[in-house]
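Text of the file entry_0.cif, holding mmCIF, C-alpha atoms:
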```cif
data_coords
#
loop_
_atom_site.group_PDB
_atom_site.id
_atom_site.type_symbol
_atom_site.label_atom_id
_atom_site.label_comp_id
_atom_site.auth_asym_id
_atom_site.auth_seq_id
_atom_site.Cartn_x
_atom_site.Cartn_y
_atom_site.Cartn_z
ATOM 1 C CA MET A 1 -16.319 51.718 -7.257
ATOM 2 C CA SER A 2 -14.593 54.626 -5.518
ATOM 3 C CA ALA A 3 -10.969 55.487 -6.211
ATOM 4 C CA ALA A 4 -10.068 54.143 -2.766
ATOM 5 C CA GLU A 5 -11.535 50.696 -3.478
ATOM 6 C CA PRO A 6 -9.015 48.125 -4.676
ATOM 7 C CA THR A 7 -9.591 46.360 -7.975
ATOM 8 C CA ARG A 8 -11.207 42.965 -7.397
ATOM 9 C CA CYS A 9 -12.358 40.013 -9.438
ATOM 10 C CA ASP A 10 -15.707 40.903 -11.029
ATOM 11 C CA TRP A 11 -17.648 38.125 -9.300
ATOM 12 C CA ALA A 12 -17.116 39.689 -5.850
ATOM 13 C CA GLY A 13 -19.635 42.386 -6.806
ATOM 14 C CA ASN A 14 -20.912 44.770 -4.137
ATOM 15 C CA ASP A 15 -22.284 42.254 -1.634
ATOM 16 C CA ALA A 16 -20.396 42.714 1.660
ATOM 17 C CA GLU A 17 -20.191 38.978 2.385
ATOM 18 C CA MET A 18 -18.945 38.168 -1.105
ATOM 19 C CA VAL A 19 -16.357 40.965 -0.955
ATOM 20 C CA THR A 20 -15.083 39.776 2.432
ATOM 21 C CA TYR A 21 -14.937 36.186 1.201
ATOM 22 C CA HIS A 22 -13.046 37.269 -1.934
ATOM 23 C CA ASP A 23 -10.636 39.480 0.000
ATOM 24 C CA THR A 24 -9.814 37.110 2.850
ATOM 25 C CA GLU A 25 -10.454 33.494 1.823
ATOM 26 C CA TRP A 26 -10.827 32.716 -1.887
ATOM 27 C CA GLY A 27 -7.574 31.470 -3.337
ATOM 28 C CA VAL A 28 -5.680 31.379 -0.039
ATOM 29 C CA PRO A 29 -3.838 28.034 0.238
ATOM 30 C CA VAL A 30 -5.553 25.828 2.829
ATOM 31 C CA HIS A 31 -3.622 23.190 4.737
ATOM 32 C CA ASP A 32 -6.076 22.093 7.416
ATOM 33 C CA ASP A 33 -8.588 19.305 7.119
ATOM 34 C CA PRO A 34 -11.532 21.008 8.883
ATOM 35 C CA THR A 35 -11.463 23.824 6.310
ATOM 36 C CA HIS A 36 -11.308 21.331 3.444
ATOM 37 C CA PHE A 37 -14.322 19.528 4.886
ATOM 38 C CA GLU A 38 -16.204 22.801 5.347
ATOM 39 C CA PHE A 39 -15.722 23.685 1.692
ATOM 40 C CA LEU A 40 -16.734 20.186 0.569
ATOM 41 C CA VAL A 41 -19.986 20.612 2.525
ATOM 42 C CA LEU A 42 -20.657 24.115 1.224
ATOM 43 C CA GLU A 43 -19.700 23.412 -2.390
ATOM 44 C CA GLY A 44 -21.832 20.271 -2.480
ATOM 45 C CA ALA A 45 -24.734 22.344 -1.175
ATOM 46 C CA GLN A 46 -24.075 24.976 -3.832
ATOM 47 C CA ALA A 47 -24.567 22.599 -6.792
ATOM 48 C CA GLY A 48 -27.169 24.335 -8.967
ATOM 49 C CA LEU A 49 -27.265 27.457 -6.773
ATOM 50 C CA SER A 50 -25.205 30.630 -6.401
ATOM 51 C CA TRP A 51 -22.271 30.884 -4.028
ATOM 52 C CA ALA A 52 -23.861 33.998 -2.485
ATOM 53 C CA THR A 53 -26.889 31.876 -1.509
ATOM 54 C CA ILE A 54 -24.667 29.379 0.317
ATOM 55 C CA LEU A 55 -22.411 32.015 1.884
ATOM 56 C CA LYS A 56 -25.450 33.605 3.527
ATOM 57 C CA ARG A 57 -26.251 30.207 5.104
ATOM 58 C CA ARG A 58 -22.679 29.400 6.161
ATOM 59 C CA ALA A 59 -23.419 29.875 9.868
ATOM 60 C CA GLY A 60 -26.503 27.668 9.493
ATOM 61 C CA TYR A 61 -24.391 24.956 7.912
ATOM 62 C CA ALA A 62 -21.795 25.202 10.675
ATOM 63 C CA LYS A 63 -24.524 24.756 13.290
ATOM 64 C CA ALA A 64 -26.301 21.959 11.419
ATOM 65 C CA PHE A 65 -23.127 20.023 10.636
ATOM 66 C CA ALA A 66 -21.353 20.059 14.016
ATOM 67 C CA GLY A 67 -19.000 22.922 13.226
ATOM 68 C CA PHE A 68 -17.858 20.992 10.126
ATOM 69 C CA ASP A 69 -16.394 18.230 12.288
ATOM 70 C CA ALA A 70 -16.211 15.295 9.859
ATOM 71 C CA ALA A 71 -15.948 12.697 12.633
ATOM 72 C CA LYS A 72 -19.182 13.936 14.221
ATOM 73 C CA VAL A 73 -21.031 14.274 10.909
ATOM 74 C CA ALA A 74 -19.986 10.728 9.960
ATOM 75 C CA ARG A 75 -21.999 9.489 12.966
ATOM 76 C CA PHE A 76 -25.231 11.276 11.961
ATOM 77 C CA THR A 77 -28.161 8.867 11.992
ATOM 78 C CA PRO A 78 -31.128 8.755 9.585
ATOM 79 C CA ALA A 79 -33.162 10.437 12.352
ATOM 80 C CA ARG A 80 -30.629 13.278 12.500
ATOM 81 C CA VAL A 81 -30.870 13.646 8.719
ATOM 82 C CA GLU A 82 -34.682 13.916 8.975
ATOM 83 C CA LYS A 83 -34.268 16.659 11.582
ATOM 84 C CA LEU A 84 -31.815 18.524 9.330
ATOM 85 C CA LEU A 85 -34.371 18.457 6.520
ATOM 86 C CA GLN A 86 -36.546 20.720 8.698
ATOM 87 C CA ASP A 87 -33.701 23.215 9.334
ATOM 88 C CA PRO A 88 -34.328 26.550 7.547
ATOM 89 C CA GLY A 89 -30.660 27.485 8.037
ATOM 90 C CA ILE A 90 -29.540 25.124 5.254
ATOM 91 C CA ILE A 91 -30.662 24.049 1.783
ATOM 92 C CA ARG A 92 -33.164 21.305 2.623
ATOM 93 C CA ASN A 93 -32.324 18.952 -0.187
ATOM 94 C CA ARG A 94 -32.377 15.312 0.922
ATOM 95 C CA ALA A 95 -29.815 14.115 -1.623
ATOM 96 C CA LYS A 96 -27.363 16.844 -0.606
ATOM 97 C CA VAL A 97 -27.818 16.308 3.136
ATOM 98 C CA GLU A 98 -27.450 12.530 2.832
ATOM 99 C CA ALA A 99 -24.387 12.998 0.606
ATOM 100 C CA THR A 100 -22.801 15.231 3.250
ATOM 101 C CA VAL A 101 -23.038 12.429 5.814
ATOM 102 C CA ARG A 102 -21.629 9.874 3.344
ATOM 103 C CA ASN A 103 -18.902 12.341 2.383
ATOM 104 C CA ALA A 104 -17.902 12.720 6.028
ATOM 105 C CA ARG A 105 -17.373 8.957 6.257
ATOM 106 C CA ALA A 106 -15.396 8.918 2.997
ATOM 107 C CA PHE A 107 -13.390 11.943 4.223
ATOM 108 C CA LEU A 108 -12.313 9.989 7.328
ATOM 109 C CA ALA A 109 -11.245 7.076 5.124
ATOM 110 C CA VAL A 110 -9.058 9.411 3.033
ATOM 111 C CA GLN A 111 -7.498 10.816 6.210
ATOM 112 C CA GLU A 112 -6.739 7.289 7.361
ATOM 113 C CA GLU A 113 -5.112 6.372 4.046
ATOM 114 C CA PHE A 114 -3.112 9.559 3.410
ATOM 115 C CA GLY A 115 -2.490 10.842 6.935
ATOM 116 C CA SER A 116 -4.593 13.933 6.160
ATOM 117 C CA PHE A 117 -7.155 15.013 3.614
ATOM 118 C CA ASP A 118 -4.875 17.959 2.908
ATOM 119 C CA ALA A 119 -2.031 15.678 1.772
ATOM 120 C CA TYR A 120 -4.479 13.893 -0.533
ATOM 121 C CA MET A 121 -5.761 17.145 -2.054
ATOM 122 C CA TRP A 122 -2.386 18.746 -2.694
ATOM 123 C CA GLY A 123 -1.264 15.618 -4.533
ATOM 124 C CA PHE A 124 -3.569 16.640 -7.395
ATOM 125 C CA VAL A 125 -1.561 19.832 -8.037
ATOM 126 C CA GLY A 126 1.922 18.501 -7.337
ATOM 127 C CA GLY A 127 2.065 20.089 -3.885
ATOM 128 C CA ARG A 128 2.102 23.698 -5.147
ATOM 129 C CA PRO A 129 -0.660 26.100 -6.179
ATOM 130 C CA ILE A 130 -1.401 26.364 -9.876
ATOM 131 C CA VAL A 131 -1.122 30.088 -10.624
ATOM 132 C CA ASN A 132 -3.108 31.198 -13.657
ATOM 133 C CA ARG A 133 -2.839 34.565 -15.388
ATOM 134 C CA TRP A 134 -6.402 35.326 -16.417
ATOM 135 C CA ARG A 135 -7.195 38.854 -17.632
ATOM 136 C CA ARG A 136 -10.978 38.440 -17.935
ATOM 137 C CA THR A 137 -13.515 36.433 -15.933
ATOM 138 C CA ALA A 138 -14.696 34.805 -19.177
ATOM 139 C CA GLN A 139 -11.306 33.079 -19.439
ATOM 140 C CA LEU A 140 -11.753 31.095 -16.217
ATOM 141 C CA PRO A 141 -12.536 27.449 -16.938
ATOM 142 C CA ALA A 142 -15.370 25.585 -15.230
ATOM 143 C CA ILE A 143 -13.372 22.345 -15.203
ATOM 144 C CA THR A 144 -9.731 21.393 -15.718
ATOM 145 C CA PRO A 145 -7.851 18.102 -16.042
ATOM 146 C CA GLU A 146 -7.022 18.390 -12.313
ATOM 147 C CA SER A 147 -10.656 18.872 -11.306
ATOM 148 C CA GLU A 148 -11.727 15.975 -13.530
ATOM 149 C CA ALA A 149 -9.097 13.693 -11.973
ATOM 150 C CA LEU A 150 -10.105 14.794 -8.455
ATOM 151 C CA SER A 151 -13.800 14.305 -9.192
ATOM 152 C CA LYS A 152 -13.246 10.830 -10.618
ATOM 153 C CA ASP A 153 -11.169 9.760 -7.629
ATOM 154 C CA LEU A 154 -13.542 11.227 -5.032
ATOM 155 C CA ARG A 155 -16.505 9.470 -6.651
ATOM 156 C CA ARG A 156 -14.557 6.219 -6.698
ATOM 157 C CA ARG A 157 -14.091 6.697 -2.950
ATOM 158 C CA GLY A 158 -17.831 7.124 -2.355
ATOM 159 C CA PHE A 159 -18.169 10.918 -2.297
ATOM 160 C CA GLY A 160 -21.259 12.567 -3.779
ATOM 161 C CA PHE A 161 -21.932 16.017 -5.269
ATOM 162 C CA VAL A 162 -18.290 16.193 -6.369
ATOM 163 C CA GLY A 163 -18.556 16.674 -10.118
ATOM 164 C CA PRO A 164 -15.637 18.307 -11.965
ATOM 165 C CA THR A 165 -17.159 21.807 -11.634
ATOM 166 C CA VAL A 166 -17.686 21.426 -7.876
ATOM 167 C CA CYS A 167 -14.144 20.083 -7.573
ATOM 168 C CA TYR A 168 -12.748 23.031 -9.508
ATOM 169 C CA ALA A 169 -14.600 25.404 -7.179
ATOM 170 C CA HIS A 170 -12.920 23.589 -4.280
ATOM 171 C CA LEU A 171 -9.464 23.913 -5.852
ATOM 172 C CA GLN A 172 -10.066 27.646 -6.363
ATOM 173 C CA ALA A 173 -11.556 28.290 -2.930
ATOM 174 C CA THR A 174 -8.814 26.487 -1.036
ATOM 175 C CA GLY A 175 -5.948 28.011 -2.975
ATOM 176 C CA LEU A 176 -4.762 24.926 -4.813
ATOM 177 C CA VAL A 177 -5.462 27.098 -7.839
ATOM 178 C CA ASN A 178 -5.050 30.876 -7.909
ATOM 179 C CA ASP A 179 -7.702 32.164 -10.294
ATOM 180 C CA HIS A 180 -7.730 35.798 -9.198
ATOM 181 C CA LEU A 181 -7.568 38.000 -12.279
ATOM 182 C CA VAL A 182 -4.107 39.530 -12.723
ATOM 183 C CA ARG A 183 -5.558 43.030 -12.194
ATOM 184 C CA CYS A 184 -7.124 41.985 -8.861
ATOM 185 C CA PHE A 185 -5.220 43.214 -5.809
ATOM 186 C CA ARG A 186 -5.349 39.712 -4.300
ATOM 187 C CA TYR A 187 -3.436 38.248 -7.240
ATOM 188 C CA GLY A 188 -0.388 40.331 -6.350
ATOM 189 C CA GLU A 189 -0.740 39.594 -2.639
ATOM 190 C CA LEU A 190 -1.016 35.838 -3.140
ATOM 191 C CA THR A 191 1.840 35.595 -5.659
ATOM 192 C CA ALA A 192 4.265 37.899 -3.812
ATOM 193 C CA PRO A 193 7.499 36.251 -2.595
ATOM 194 C CA GLY A 194 6.878 34.627 0.772
ATOM 195 C CA ALA A 195 3.085 34.780 0.399
#
```

Structure rendered as structure tokens:
Amino acid sequence: MSAAEPTRCDWAGNDAEMVTYHDTEWGVPVHDDPTHFEFLVLEGAQAGLSWATILKRRAGYAKAFAGFDAAKVARFTPARVEKLLQDPGIIRNRAKVEATVRNARAFLAVQEEFGSFDAYMWGFVGGRPIVNRWRRTAQLPAITPESEALSKDLRRRGFGFVGPTVCYAHLQATGLVNDHLVRCFRYGELTAPGA
């Protein structure tokens, strides 16, 4: 790392896509439903794989899943699912692809009940980001009481591939939790007054 490079969370590494994702998206509070749905799709696909693997296929997922339009994905037919299982731009795992279609339908039901998926999500953290003060990556938990509660409720609503670890990744990615290390430049930016 050159002197000019800012200090980042260790997991960003040297991969350009991971660095850009870390610097511009991870931990930034999300308040729009399409972005929440996008991350649900991508995080469900990630289960058992690395985030870098999924990030490299993000454009493929956007193309395959109608630009992450939940209403369109909810209408995917079994024939459309079979076609997706031939698409090299995504992880061709039948259970994950079928779960994405079911999740889109469940997502619409949550929107109907709560007015937005965003309102539903932020209810799990009391409407404000949880700001942690981790000094080392090893301190970051894989699951928390919030992610366990979210996972349990999503599964009750018919969602799949939403275990507590996947749910915690969603809370981190969409800024409901700020898990940037305190020495990371993004921690200061995201916790600054008015951020």

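Proximity ranking of A:Ser116, A:Leu55, A:Glu148, A:Pro34 relative to Ala16 (chain A) places A:Leu55 first, based on only C-alpha atoms.
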
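Taking CA of Lys56 (chain A) as the reference point, CA of His22 (chain A) is found at 14.0 Å.
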
Practice task
Given the file shown, determine the residues that the PyMOL selection byres ((chain A and resi 184) around 6) selects; report them as a ChimeraX atom specification.
Solution key: /A:7-9,181-183,185-187

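Each of A:Ala71, A:Val166, A:Ala45, A:Ala12 was compared to Arg94 (chain A) using only C-alpha atoms, and A:Ala45 turns out to be the nearest.
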
Handout entry: Given only C-alpha atoms as the counted atoms, nearest of A:Tyr120, A:Trp26, A:Phe68, A:Tyr21 to Asp179 (chain A)
Key = A:Trp26

Handout entry: Residue neighbourhood Leu85 (chain A), 8 Å, all atoms listed in the file, exclusion window fewer than 4 positions, as a ChimeraX atom specification
Key = /A:81,92-94,97

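As for CA of Thr24 (chain A) and CA of His180 (chain A), they are spaced 12.3 Å apart.
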